$ cat query33.cif   # mmCIF, C-alpha atoms and all ligand atoms
data_upload
#
loop_
_atom_site.label_atom_id
_atom_site.label_comp_id
_atom_site.auth_asym_id
_atom_site.auth_seq_id
_atom_site.Cartn_x
_atom_site.Cartn_y
_atom_site.Cartn_z
CA MET A 1 0.00 0.00 0.00
CA SER A 2 1.52 3.29 -1.06
CA HIS A 3 1.84 6.42 1.08
CA PRO A 4 -1.30 8.50 0.72
CA ASP A 5 -0.91 12.15 -0.24
CA ALA A 6 -2.20 15.14 1.71
CA PHE A 7 -5.15 15.46 -0.69
CA SER A 8 -6.43 11.93 -0.06
CA LEU A 9 -5.88 12.24 3.70
CA ARG A 10 -7.86 15.50 3.75
CA ARG A 11 -10.65 13.73 1.85
CA ASP A 12 -10.59 10.73 4.23
CA PHE A 13 -10.84 13.00 7.28
CA ILE A 14 -13.48 15.23 5.68
CA LEU A 15 -11.43 18.37 6.21
CA GLY A 16 -12.03 21.70 4.58
CA LYS A 17 -14.89 24.10 4.25
CA ALA A 18 -18.22 23.04 2.82
CA LEU A 19 -18.34 24.44 -0.70
CA ALA A 20 -22.09 25.12 -0.89
CA PRO A 21 -24.43 26.65 1.72
CA ILE A 22 -26.36 24.30 4.00
CA TYR A 23 -29.91 25.45 4.87
CA ALA A 24 -32.18 24.08 7.54
CA LEU A 25 -35.65 23.77 5.95
CA LYS A 26 -36.97 26.61 8.15
CA ASP A 27 -34.30 28.94 6.72
CA ALA A 28 -34.69 27.73 3.15
CA ALA A 29 -36.73 30.86 2.35
CA ALA A 30 -33.26 32.26 1.61
CA LEU A 31 -33.40 30.07 -1.51
CA SER A 32 -36.39 32.23 -2.57
CA ARG A 33 -38.25 29.28 -4.02
CA CYS A 34 -35.65 28.93 -6.73
CA ALA A 35 -36.17 26.67 -9.73
CA CYS A 36 -34.16 23.57 -8.99
CA ALA A 37 -33.37 19.91 -9.49
CA VAL A 38 -33.22 17.90 -6.26
CA ALA A 39 -31.64 14.62 -5.19
CA ILE A 40 -33.31 13.18 -2.11
CA GLY A 41 -32.03 10.74 0.49
CA ALA A 42 -30.53 10.07 3.89
CA PHE A 43 -27.12 9.78 2.23
CA ASP A 44 -25.31 8.18 5.19
CA GLY A 45 -21.65 7.94 4.17
CA VAL A 46 -22.19 9.91 0.93
CA HIS A 47 -20.79 6.89 -0.86
CA ARG A 48 -19.97 6.37 -4.55
CA GLY A 49 -23.59 5.51 -5.39
CA HIS A 50 -24.86 8.69 -3.71
CA ARG A 51 -22.25 10.79 -5.49
CA HIS A 52 -23.10 9.28 -8.88
CA LEU A 53 -26.76 10.11 -8.29
CA ILE A 54 -25.87 13.67 -7.26
CA ASN A 55 -23.62 14.08 -10.33
CA GLN A 56 -26.54 13.20 -12.59
CA MET A 57 -28.80 15.65 -10.77
CA VAL A 58 -26.16 18.39 -11.06
CA ALA A 59 -25.73 17.67 -14.82
CA ASP A 60 -29.51 17.95 -15.30
CA ALA A 61 -29.60 21.23 -13.33
CA HIS A 62 -26.75 22.70 -15.39
CA GLU A 63 -28.39 21.65 -18.64
CA HIS A 64 -31.58 23.46 -17.65
CA GLY A 65 -29.93 26.46 -16.00
CA ILE A 66 -31.51 25.74 -12.61
CA ALA A 67 -30.06 25.18 -9.13
CA ALA A 68 -28.84 21.75 -7.99
CA ILE A 69 -29.99 20.97 -4.46
CA ALA A 70 -29.35 17.93 -2.25
CA VAL A 71 -32.29 17.34 0.08
CA THR A 72 -31.49 15.31 3.16
CA PHE A 73 -32.75 14.69 6.68
CA ASP A 74 -31.59 15.30 10.23
CA PRO A 75 -31.62 13.04 12.10
CA ASP A 76 -31.16 10.14 9.70
CA PRO A 77 -34.73 8.74 9.23
CA ASP A 78 -33.59 5.27 10.26
CA THR A 79 -32.89 6.54 13.78
CA VAL A 80 -36.54 7.65 14.08
CA VAL A 81 -38.44 4.86 12.33
CA SER A 82 -36.36 1.80 13.13
CA ALA A 83 -36.66 -0.18 16.37
CA ALA A 84 -32.94 -1.03 16.08
CA PRO A 85 -31.25 1.74 14.07
CA ALA A 86 -28.01 0.82 12.32
CA PRO A 87 -24.87 2.55 13.59
CA LYS A 88 -24.02 5.27 11.11
CA LEU A 89 -21.04 5.82 8.80
CA THR A 90 -21.08 9.59 9.21
CA LEU A 91 -21.96 12.14 11.86
CA VAL A 92 -24.66 14.50 10.58
CA ALA A 93 -22.15 17.38 10.34
CA ASP A 94 -19.81 15.28 8.19
CA ARG A 95 -22.68 14.01 6.02
CA LEU A 96 -23.78 17.60 5.37
CA ARG A 97 -20.22 18.74 4.66
CA LEU A 98 -19.72 15.90 2.19
CA LEU A 99 -22.99 16.75 0.45
CA ALA A 100 -22.12 20.45 0.38
CA SER A 101 -18.84 19.59 -1.34
CA SER A 102 -20.36 17.25 -3.92
CA GLY A 103 -20.97 19.82 -6.67
CA VAL A 104 -24.44 20.97 -5.57
CA ASP A 105 -25.46 24.63 -5.22
CA ALA A 106 -27.07 24.08 -1.80
CA VAL A 107 -28.03 21.45 0.74
CA CYS A 108 -31.51 21.61 2.25
CA VAL A 109 -31.90 19.78 5.57
CA VAL A 110 -35.39 18.58 6.49
CA PRO A 111 -35.90 17.88 10.22
CA PHE A 112 -37.07 14.29 10.51
CA ASP A 113 -39.51 13.22 13.20
CA SER A 114 -42.40 10.79 13.52
CA ALA A 115 -44.82 13.42 12.12
CA LEU A 116 -42.74 13.71 8.95
CA ALA A 117 -42.41 9.92 8.81
CA SER A 118 -46.20 9.61 8.72
CA LEU A 119 -46.64 11.79 5.61
CA ASP A 120 -47.27 10.26 2.20
CA HIS A 121 -45.31 11.43 -0.85
CA ASP A 122 -48.00 13.95 -1.86
CA ALA A 123 -47.92 15.62 1.58
CA PHE A 124 -44.12 15.48 1.71
CA PHE A 125 -43.78 17.38 -1.57
CA THR A 126 -46.76 19.74 -1.30
CA ARG A 127 -46.48 20.62 2.37
CA VAL A 128 -42.76 20.31 3.06
CA LEU A 129 -40.64 20.88 -0.05
CA LEU A 130 -42.71 22.82 -2.59
CA PRO A 131 -43.38 25.81 -0.28
CA VAL A 132 -39.63 26.52 -0.28
CA LEU A 133 -38.35 25.01 -3.55
CA ASP A 134 -39.68 25.31 -7.10
CA ILE A 135 -38.79 21.74 -7.98
CA ARG A 136 -38.47 20.97 -11.70
CA SER A 137 -36.89 17.52 -11.38
CA VAL A 138 -36.47 14.87 -8.70
CA HIS A 139 -33.49 12.50 -8.84
CA VAL A 140 -33.43 9.35 -6.75
CA GLY A 141 -32.07 5.84 -7.05
CA SER A 142 -34.35 3.20 -8.60
CA ASN A 143 -34.77 1.59 -5.15
CA PHE A 144 -35.91 4.84 -3.50
CA ARG A 145 -38.97 4.69 -1.22
CA LEU A 146 -40.74 7.60 0.37
CA GLY A 147 -43.65 8.12 2.72
CA TYR A 148 -45.12 6.21 5.62
CA ARG A 149 -43.36 2.82 5.85
CA GLY A 150 -41.77 3.48 2.44
CA ALA A 151 -45.15 3.13 0.72
CA SER A 152 -44.27 5.18 -2.40
CA ASP A 153 -41.77 4.03 -5.01
CA VAL A 154 -40.39 5.91 -8.01
CA ASN A 155 -43.46 5.08 -10.15
CA ALA A 156 -45.84 6.45 -7.54
CA ILE A 157 -43.81 9.66 -7.28
CA ARG A 158 -43.66 9.90 -11.09
CA ASP A 159 -47.47 9.50 -11.33
CA TRP A 160 -47.92 12.23 -8.75
CA ALA A 161 -45.47 14.56 -10.56
CA ARG A 162 -47.08 14.14 -13.99
CA GLY A 163 -48.99 17.32 -14.89
CA ARG A 164 -47.14 19.33 -12.23
CA GLY A 165 -44.16 20.18 -14.48
CA ILE A 166 -41.85 17.97 -12.39
CA GLU A 167 -39.76 15.25 -14.01
CA VAL A 168 -38.82 12.23 -11.88
CA PHE A 169 -35.68 10.17 -12.52
CA GLY A 170 -35.14 6.80 -10.84
CA HIS A 171 -31.48 6.22 -11.64
CA GLU A 172 -29.79 2.88 -12.07
CA LEU A 173 -27.87 1.93 -8.94
CA VAL A 174 -24.08 1.98 -8.89
CA CYS A 175 -22.64 -1.50 -8.36
CA ASP A 176 -19.25 -2.82 -7.31
CA ASP A 177 -18.44 -6.31 -8.60
CA GLY A 178 -22.13 -7.01 -9.09
CA ASP A 179 -23.22 -5.79 -5.63
CA VAL A 180 -25.26 -2.61 -5.29
CA VAL A 181 -23.25 -0.02 -3.35
CA SER A 182 -25.28 0.92 -0.28
CA ALA A 183 -24.67 2.26 3.20
CA THR A 184 -25.97 -1.08 4.53
CA ARG A 185 -23.40 -3.05 2.51
CA ILE A 186 -20.56 -0.70 3.47
CA ARG A 187 -21.53 -1.08 7.15
CA SER A 188 -21.36 -4.84 6.81
CA LEU A 189 -17.92 -4.66 5.12
CA ILE A 190 -16.63 -2.45 7.95
CA SER A 191 -18.18 -4.77 10.53
CA SER A 192 -16.22 -7.65 9.04
CA GLY A 193 -12.94 -5.72 8.85
CA SER A 194 -12.91 -5.50 5.03
CA MET A 195 -11.59 -1.95 5.02
CA GLU A 196 -10.17 -1.98 1.48
CA MET A 197 -13.52 -3.06 0.02
CA ALA A 198 -15.37 -0.53 2.18
CA ALA A 199 -13.01 2.20 0.95
CA ALA A 200 -13.59 1.20 -2.68
CA GLU A 201 -17.36 1.64 -2.20
CA LEU A 202 -17.15 4.74 -0.01
CA GLY A 203 -14.64 6.44 -2.29
CA ARG A 204 -12.42 7.22 0.70
CA THR A 205 -10.87 5.38 3.64
CA TYR A 206 -13.34 4.91 6.50
CA ALA A 207 -12.62 7.24 9.42
CA VAL A 208 -14.24 8.05 12.75
CA ARG A 209 -14.04 11.18 14.87
CA GLY A 210 -13.71 11.30 18.65
CA ARG A 211 -11.95 12.67 21.69
CA VAL A 212 -8.87 11.39 23.51
CA ALA A 213 -9.78 10.13 26.99
CA ARG A 214 -7.65 8.76 29.81
CA GLY A 215 -7.16 4.98 29.82
CA ARG A 216 -5.43 2.61 32.23
CA GLY A 217 -1.99 4.00 31.30
CA GLU A 218 -0.62 0.46 30.92
CA GLY A 219 0.33 0.84 27.25
CA HIS A 220 2.85 3.51 28.17
CA LYS A 221 4.47 1.15 30.72
CA MET A 222 4.63 -1.58 28.07
CA GLY A 223 6.50 0.73 25.69
CA PHE A 224 3.66 1.66 23.35
CA PRO A 225 1.57 4.61 24.60
CA THR A 226 -1.94 4.66 23.17
CA ALA A 227 -4.51 7.41 22.70
CA ASN A 228 -7.85 6.08 23.92
CA VAL A 229 -10.47 7.46 21.59
CA VAL A 230 -14.14 7.81 22.54
CA ILE A 231 -16.48 8.08 19.57
CA ASP A 232 -20.20 8.85 19.31
CA SER A 233 -22.13 5.72 20.27
CA ASN A 234 -24.21 6.00 17.07
CA ILE A 235 -21.15 5.76 14.85
CA LEU A 236 -19.98 2.41 13.52
CA ALA A 237 -16.63 1.07 14.78
CA PRO A 238 -14.90 -1.55 12.62
CA GLN A 239 -14.78 -5.22 13.61
CA GLU A 240 -12.72 -5.92 16.75
CA GLY A 241 -9.14 -6.23 15.60
CA VAL A 242 -5.87 -4.50 14.90
CA TYR A 243 -5.64 -2.02 12.03
CA ALA A 244 -3.13 0.09 10.15
CA GLY A 245 -4.35 3.61 9.51
CA PHE A 246 -3.85 7.24 10.37
CA ALA A 247 -4.60 9.57 13.27
CA CYS A 248 -5.58 13.11 12.40
CA LEU A 249 -4.94 15.90 14.92
CA GLY A 250 -5.86 19.35 13.65
CA GLU A 251 -4.24 19.70 10.25
CA GLU A 252 -1.72 16.87 10.77
CA ALA A 253 -1.99 13.15 10.15
CA TRP A 254 0.28 10.48 11.59
CA PRO A 255 0.52 6.76 10.83
CA ALA A 256 -1.25 4.76 13.54
CA ALA A 257 -1.54 1.18 14.81
CA ILE A 258 -5.09 0.91 16.08
CA ASN A 259 -6.81 -1.64 18.32
CA VAL A 260 -10.60 -1.87 18.12
CA GLY A 261 -12.46 -3.62 20.96
CA LEU A 262 -11.73 -4.22 24.62
CA PRO A 263 -8.30 -5.89 24.86
CA PRO A 264 -9.16 -9.60 25.31
CA THR A 265 -6.08 -10.15 27.50
CA PHE A 266 -7.44 -7.71 30.09
CA LYS A 267 -11.15 -8.16 29.56
CA GLY A 268 -13.07 -6.45 32.29
CA ALA A 269 -10.19 -4.28 33.53
CA PRO A 270 -11.76 -0.96 34.54
CA GLY A 271 -10.84 1.92 32.23
CA SER A 272 -9.89 -0.34 29.30
CA ALA A 273 -10.25 1.38 25.94
CA LYS A 274 -12.65 0.16 23.24
CA LEU A 275 -10.65 2.05 20.64
CA GLU A 276 -7.00 3.00 21.01
CA ALA A 277 -4.19 4.04 18.74
CA ASN A 278 -0.44 4.04 19.00
CA ILE A 279 0.42 7.12 16.94
CA VAL A 280 3.68 6.19 15.28
CA GLY A 281 6.53 8.67 15.81
CA PHE A 282 4.35 10.96 17.91
CA SER A 283 4.74 12.06 21.50
CA ALA A 284 2.74 14.82 23.18
CA ASP A 285 -0.05 15.16 25.72
CA ILE A 286 -3.27 14.99 23.71
CA TYR A 287 -5.81 14.18 26.44
CA GLU A 288 -9.18 15.81 25.64
CA ARG A 289 -8.08 16.70 22.11
CA ASP A 290 -10.34 16.07 19.12
CA ILE A 291 -8.92 13.29 16.98
CA ALA A 292 -9.97 11.26 13.96
CA LEU A 293 -8.79 7.76 13.09
CA SER A 294 -8.86 6.17 9.65
CA PHE A 295 -8.62 2.43 9.07
CA THR A 296 -6.81 1.45 5.89
CA LYS A 297 -6.30 -2.26 6.52
CA GLN A 298 -6.97 -4.93 9.14
CA LEU A 299 -3.64 -6.44 10.23
CA ARG A 300 -5.10 -9.23 12.38
CA ARG A 301 -7.91 -10.04 14.83
CA SER A 302 -7.30 -9.16 18.51
CA ARG A 303 -6.52 -12.12 20.73
CA PRO A 304 -5.75 -12.91 24.34
CA PHE A 305 -2.07 -13.42 25.18
CA ASP A 306 -0.68 -15.78 27.84
CA SER A 307 2.14 -13.44 28.72
CA LEU A 308 2.79 -9.71 28.67
CA ASP A 309 6.04 -10.30 26.77
CA GLU A 310 4.14 -12.02 23.96
CA LEU A 311 1.55 -9.20 23.87
CA ILE A 312 4.28 -6.55 23.75
CA ALA A 313 6.28 -8.34 21.01
CA THR A 314 3.14 -8.78 18.87
CA VAL A 315 1.97 -5.18 19.28
CA GLU A 316 5.50 -3.93 18.50
CA GLY A 317 5.41 -6.09 15.36
CA ASN A 318 2.14 -4.40 14.33
CA ILE A 319 3.59 -0.95 14.97
CA GLN A 320 6.54 -1.92 12.77
CA ASP A 321 4.07 -3.08 10.06
CA VAL A 322 2.55 0.42 10.12
CA ARG A 323 6.01 2.03 10.00
CA ASP A 324 6.84 -0.16 6.97
CA LEU A 325 3.62 0.92 5.25
CA TYR A 326 3.57 4.64 6.01
CA GLY A 327 6.83 5.64 7.72
CA GLU A 328 6.66 7.40 11.07
CA GLY A 329 6.50 11.01 10.03
CA ARG A 330 3.89 13.70 10.20
CA TYR A 331 1.77 14.40 7.12
CA ASP A 332 1.03 18.11 6.80
CA LEU A 333 -2.61 18.45 5.71
CA ARG A 334 -2.73 22.24 5.35
CA ALA A 335 -4.24 23.04 1.98
C1 LIG B 1 -1.63 -2.11 17.75
C2 LIG B 1 -2.24 -2.69 19.00
C3 LIG B 1 -2.62 -4.03 19.00
C4 LIG B 1 -3.16 -4.61 20.15
N1 LIG B 1 -3.51 -5.93 20.15
C5 LIG B 1 -4.03 -6.50 21.27
C6 LIG B 1 -4.40 -7.88 21.30
O1 LIG B 1 -4.33 -8.61 20.30
N2 LIG B 1 -4.86 -8.38 22.45
C7 LIG B 1 -5.01 -7.63 23.59
O2 LIG B 1 -5.43 -8.14 24.60
N3 LIG B 1 -4.70 -6.31 23.58
C8 LIG B 1 -4.22 -5.72 22.45
N4 LIG B 1 -3.89 -4.40 22.45
C9 LIG B 1 -4.29 -3.58 23.58
C10 LIG B 1 -3.22 -3.52 24.62
O3 LIG B 1 -3.35 -4.62 25.46
C11 LIG B 1 -3.45 -2.21 25.38
O4 LIG B 1 -3.01 -1.18 24.57
C12 LIG B 1 -2.73 -2.18 26.67
O5 LIG B 1 -3.33 -3.10 27.52
C13 LIG B 1 -2.79 -0.78 27.28
O6 LIG B 1 -4.08 -0.43 27.62
P1 LIG B 1 -4.43 1.02 28.22
O7 LIG B 1 -4.30 1.99 27.08
O8 LIG B 1 -5.84 0.87 28.70
O9 LIG B 1 -3.46 1.31 29.31
C14 LIG B 1 -3.35 -3.81 21.31
C15 LIG B 1 -3.00 -2.45 21.28
C16 LIG B 1 -2.44 -1.89 20.15
C17 LIG B 1 -2.08 -0.43 20.14
N1 LIG B 2 -25.77 2.53 -5.38
C1 LIG B 2 -26.53 3.59 -5.62
N2 LIG B 2 -26.51 4.18 -6.84
C2 LIG B 2 -27.29 5.26 -7.09
N3 LIG B 2 -28.13 5.80 -6.19
C3 LIG B 2 -28.20 5.25 -4.99
C4 LIG B 2 -27.40 4.12 -4.62
N4 LIG B 2 -27.67 3.79 -3.34
C5 LIG B 2 -28.62 4.65 -2.93
N5 LIG B 2 -28.93 5.52 -3.91
C6 LIG B 2 -29.90 6.62 -3.85
O1 LIG B 2 -29.35 7.63 -3.03
C7 LIG B 2 -30.39 8.26 -2.29
C8 LIG B 2 -30.07 8.10 -0.81
O2 LIG B 2 -30.30 6.73 -0.49
P1 LIG B 2 -30.09 6.11 0.94
O3 LIG B 2 -29.74 7.18 1.88
O4 LIG B 2 -31.25 5.22 1.26
O5 LIG B 2 -28.77 5.24 0.64
P2 LIG B 2 -28.43 3.73 0.84
O6 LIG B 2 -26.98 3.63 0.60
O7 LIG B 2 -29.32 2.86 -0.01
O8 LIG B 2 -28.73 3.55 2.38
P3 LIG B 2 -29.15 2.26 3.25
O9 LIG B 2 -28.29 1.12 2.80
O10 LIG B 2 -28.88 2.70 4.66
O11 LIG B 2 -30.59 2.03 2.94
C9 LIG B 2 -31.68 7.57 -2.70
O12 LIG B 2 -32.27 8.34 -3.72
C10 LIG B 2 -31.21 6.22 -3.19
O13 LIG B 2 -32.11 5.61 -4.08
#
$ encode --input "query33.cif" --output "structure tokens"
Amino acid sequence: MSHPDAFSLRRDFILGKALAPIYALKDAAALSRCACAVAIGAFDGVHRGHRHLINQMVADAHEHGIAAIAVTFDPDPDTVVSAAPAPKLTLVADRLRLLASSGVDAVCVVPFDSALASLDHDAFFTRVLLPVLDIRSVHVGSNFRLGYRGASDVNAIRDWARGRGIEVFGHELVCDDGDVVSATRIRSLISSGSMEMAAAELGRTYAVRGRVARGRGEGHKMGFPTANVVIDSNILAPQEGVYAGFACLGEEAWPAAINVGLPPTFKGAPGSAKLEANIVGFSADIYERDIALSFTKQLRRSRPFDSLDELIATVEGNIQDVRDLYGEGRYDLRA
């Protein structure tokens, strides 16, 4: 695996300013009911399929000289309607930033609650979207469902739109090796440690954001200090195991050897970290700092060790693997 460049690391860590304005629906009057094409969805992960859909919507908008607007929801509808919501690939702020940097002219964020979930497609368009947007075309994937319990498919929306001057496109879904790219599939790849396949479908290396908390302090004594990283409980962590990747602190990235899951050797020890990284070549006090970790490759599954010496030798071997892959220097991510 080659050294990534600053550009790809910035993309993986979702750095940089959003390129287009993001409007909450209640402030969307600022769009002055502009003529527009819209792409609609939850867009968790803003993966390659989502971006292909958005590209087609943007091309249509440009062709007709109208605005290109991504319409999404906060919170993710799944967290409201599902009894067991899936852990998400992106925090809402990152999802919006990714959408705002996808070539659209604006992002419009519809607050999602059980009242919205109970609307049918007619009420969703006429009561929620059309008062603020003069929609000329709707772009969704061919599998798109809208309305109470997903009652309305693309054909139902197209029937409704006929005669209203609104064109509806149900685009073919982007596939990878015959499998439809979806947030659900990417979650399952990440949950099985297939980080390279997940990255191919996401279009970037999977990364999570968190804060450095105090741990047991044992790693330091064993010769490999680790930053214990606490992430939002609604965000998906990869399968338990040991990973090569990067740690991002401010505008710097460092190679990192990362352990996901409570260390099986010390299971139950109070203060054990569920996610910790040895940041290769780095030494500074970073307690309470914001940090992001990316996972390029699973090196092995975690396992219990019979002796501390064996644990230390194995972890040092993993840290060396990371050094061999990415060196031990700082990557400057300033644009
Ligand atoms: C790269 C890496 C790989 C690790 N692999 C394992 C493992 O396979 N089994 C295990 O019990 N702990 C593993 N650990 C966790 C260590 O046991 C842990 O860092 C150490 O106990 C220090 O914990 P502390 O940060 O809570 O003080 C690993 C840690 C790192 C950084
Ligand atoms: N592979 C894809 N290619 C093109 N469009 C897609 C693809 N996957 C989803 N879409 C479309 O993107 C929009 C957002 O979809 P959605 O947020 O449900 O994504 P998803 O990846 O299918 O999520 P999940 O797996 O959680 O259901 C919808 O219009 C959907 O039809």
$ residues_around --input "query33.cif" --residues "A:Phe266" --least-positions-apart "5" --cutoff "10 Å" --atoms "only C-alpha atoms" --output "MDAnalysis selection string"
chainID A and resid 272 304:305
$ atom_distance --input "query33.cif" --atom1 "atom CA of A:Asn55" --atom2 "atom CA of A:Phe7"
20.9 Å
$ closest_residue --input "query33.cif" --among "A:Gly245, A:Gly16, A:Gly193, A:Gly45" --to "A:Val181" --atoms "all atoms listed in the file"
A:Gly45
$ atom_distance --input "query33.cif" --atom1 "atom CA of A:Lys274" --atom2 "atom CA of A:Leu325"
24.3 Å
$ residues_around --input "query33.cif" --residues "A:Asp44" --least-positions-apart "4" --cutoff "7 Å" --atoms "all atoms listed in the file" --output "JSON, numbers by chain"
{"A": [88, 89, 90, 95, 183]}
$ residues_near_ligand --input "query33.cif" --ligand "ligand LIG 2 (chain B)" --cutoff "8 Å" --atoms "only C-alpha atoms and all ligand atoms" --output "PyMOL selection string"
chain A and resi 39-53+78+86+139-145+170-175+180-186
$ axis_aligned_box --input "query33.cif" --around "ligand LIG 1 (chain B)" --padding-each-side "4 Å" --output "AutoDock Vina command-line options"
--center_x -3.7 --center_y -3.3 --center_z 23.5 --size_x 12.2 --size_y 18.6 --size_z 19.6
$ residues_around --input "query33.cif" --residues "A:Ser302" --least-positions-apart "4" --cutoff "10 Å" --atoms "only C-alpha atoms" --output "VMD selection string"
chain A and resid 239 to 243 259 to 265
$ residues_near_ligand --input "query33.cif" --ligand "ligand LIG 1 (chain B)" --cutoff "9 Å" --atoms "all atoms listed in the file" --output "MDAnalysis selection string"
chainID A and resid 214:222 224:228 241:244 256:267 269:279 299:305 308 311:312 314:319
$ write_last_selection --input "query33.cif" --atoms "C-alpha atoms" --output "PDB file, keeping the file's coordinate frame"
ATOM      1  CA  ARG A 214      -7.650   8.760  29.810  1.00  0.00           C
ATOM      2  CA  GLY A 215      -7.160   4.980  29.820  1.00  0.00           C
ATOM      3  CA  ARG A 216      -5.430   2.610  32.230  1.00  0.00           C
ATOM      4  CA  GLY A 217      -1.990   4.000  31.300  1.00  0.00           C
ATOM      5  CA  GLU A 218      -0.620   0.460  30.920  1.00  0.00           C
ATOM      6  CA  GLY A 219       0.330   0.840  27.250  1.00  0.00           C
ATOM      7  CA  HIS A 220       2.850   3.510  28.170  1.00  0.00           C
ATOM      8  CA  LYS A 221       4.470   1.150  30.720  1.00  0.00           C
ATOM      9  CA  MET A 222       4.630  -1.580  28.070  1.00  0.00           C
ATOM     10  CA  PHE A 224       3.660   1.660  23.350  1.00  0.00           C
ATOM     11  CA  PRO A 225       1.570   4.610  24.600  1.00  0.00           C
ATOM     12  CA  THR A 226      -1.940   4.660  23.170  1.00  0.00           C
ATOM     13  CA  ALA A 227      -4.510   7.410  22.700  1.00  0.00           C
ATOM     14  CA  ASN A 228      -7.850   6.080  23.920  1.00  0.00           C
ATOM     15  CA  GLY A 241      -9.140  -6.230  15.600  1.00  0.00           C
ATOM     16  CA  VAL A 242      -5.870  -4.500  14.900  1.00  0.00           C
ATOM     17  CA  TYR A 243      -5.640  -2.020  12.030  1.00  0.00           C
ATOM     18  CA  ALA A 244      -3.130   0.090  10.150  1.00  0.00           C
ATOM     19  CA  ALA A 256      -1.250   4.760  13.540  1.00  0.00           C
ATOM     20  CA  ALA A 257      -1.540   1.180  14.810  1.00  0.00           C
ATOM     21  CA  ILE A 258      -5.090   0.910  16.080  1.00  0.00           C
ATOM     22  CA  ASN A 259      -6.810  -1.640  18.320  1.00  0.00           C
ATOM     23  CA  VAL A 260     -10.600  -1.870  18.120  1.00  0.00           C
ATOM     24  CA  GLY A 261     -12.460  -3.620  20.960  1.00  0.00           C
ATOM     25  CA  LEU A 262     -11.730  -4.220  24.620  1.00  0.00           C
ATOM     26  CA  PRO A 263      -8.300  -5.890  24.860  1.00  0.00           C
ATOM     27  CA  PRO A 264      -9.160  -9.600  25.310  1.00  0.00           C
ATOM     28  CA  THR A 265      -6.080 -10.150  27.500  1.00  0.00           C
ATOM     29  CA  PHE A 266      -7.440  -7.710  30.090  1.00  0.00           C
ATOM     30  CA  LYS A 267     -11.150  -8.160  29.560  1.00  0.00           C
ATOM     31  CA  ALA A 269     -10.190  -4.280  33.530  1.00  0.00           C
ATOM     32  CA  PRO A 270     -11.760  -0.960  34.540  1.00  0.00           C
ATOM     33  CA  GLY A 271     -10.840   1.920  32.230  1.00  0.00           C
ATOM     34  CA  SER A 272      -9.890  -0.340  29.300  1.00  0.00           C
ATOM     35  CA  ALA A 273     -10.250   1.380  25.940  1.00  0.00           C
ATOM     36  CA  LYS A 274     -12.650   0.160  23.240  1.00  0.00           C
ATOM     37  CA  LEU A 275     -10.650   2.050  20.640  1.00  0.00           C
ATOM     38  CA  GLU A 276      -7.000   3.000  21.010  1.00  0.00           C
ATOM     39  CA  ALA A 277      -4.190   4.040  18.740  1.00  0.00           C
ATOM     40  CA  ASN A 278      -0.440   4.040  19.000  1.00  0.00           C
ATOM     41  CA  ILE A 279       0.420   7.120  16.940  1.00  0.00           C
ATOM     42  CA  LEU A 299      -3.640  -6.440  10.230  1.00  0.00           C
ATOM     43  CA  ARG A 300      -5.100  -9.230  12.380  1.00  0.00           C
ATOM     44  CA  ARG A 301      -7.910 -10.040  14.830  1.00  0.00           C
ATOM     45  CA  SER A 302      -7.300  -9.160  18.510  1.00  0.00           C
ATOM     46  CA  ARG A 303      -6.520 -12.120  20.730  1.00  0.00           C
ATOM     47  CA  PRO A 304      -5.750 -12.910  24.340  1.00  0.00           C
ATOM     48  CA  PHE A 305      -2.070 -13.420  25.180  1.00  0.00           C
ATOM     49  CA  LEU A 308       2.790  -9.710  28.670  1.00  0.00           C
ATOM     50  CA  LEU A 311       1.550  -9.200  23.870  1.00  0.00           C
ATOM     51  CA  ILE A 312       4.280  -6.550  23.750  1.00  0.00           C
ATOM     52  CA  THR A 314       3.140  -8.780  18.870  1.00  0.00           C
ATOM     53  CA  VAL A 315       1.970  -5.180  19.280  1.00  0.00           C
ATOM     54  CA  GLU A 316       5.500  -3.930  18.500  1.00  0.00           C
ATOM     55  CA  GLY A 317       5.410  -6.090  15.360  1.00  0.00           C
ATOM     56  CA  ASN A 318       2.140  -4.400  14.330  1.00  0.00           C
ATOM     57  CA  ILE A 319       3.590  -0.950  14.970  1.00  0.00           C
TER      58      ILE A 319
END
$ closest_residue --input "query33.cif" --among "A:Ser194, A:Ser233, A:Ser137, A:Thr72" --to "A:Ala93" --atoms "all atoms listed in the file"
A:Thr72
$ closest_residue --input "query33.cif" --among "A:Asp27, A:Asp177, A:Asp159, A:Glu196" --to "A:Pro111" --atoms "all atoms listed in the file"
A:Asp27
$ residues_around --input "query33.cif" --residues "stretch 100-102 of chain A" --least-positions-apart "5" --cutoff "8 Å" --atoms "all atoms listed in the file" --output "list in words"
Ala18, Leu19, Ala20, Pro21, Ile22, Arg51, Ile54, Asn55 and Val107 of chain A
$ write_last_selection --input "query33.cif" --atoms "C-alpha atoms" --output "short mmCIF file (atom, residue, chain, number, x, y, z; two decimals), in the coordinates of the input"
data_model
loop_
_atom_site.label_atom_id
_atom_site.label_comp_id
_atom_site.auth_asym_id
_atom_site.auth_seq_id
_atom_site.Cartn_x
_atom_site.Cartn_y
_atom_site.Cartn_z
CA ALA A 18 -18.22 23.04 2.82
CA LEU A 19 -18.34 24.44 -0.70
CA ALA A 20 -22.09 25.12 -0.89
CA PRO A 21 -24.43 26.65 1.72
CA ILE A 22 -26.36 24.30 4.00
CA ARG A 51 -22.25 10.79 -5.49
CA ILE A 54 -25.87 13.67 -7.26
CA ASN A 55 -23.62 14.08 -10.33
CA VAL A 107 -28.03 21.45 0.74
#
$ atom_distance --input "query33.cif" --atom1 "atom CA of A:Phe169" --atom2 "atom CA of A:Arg136"
11.2 Å
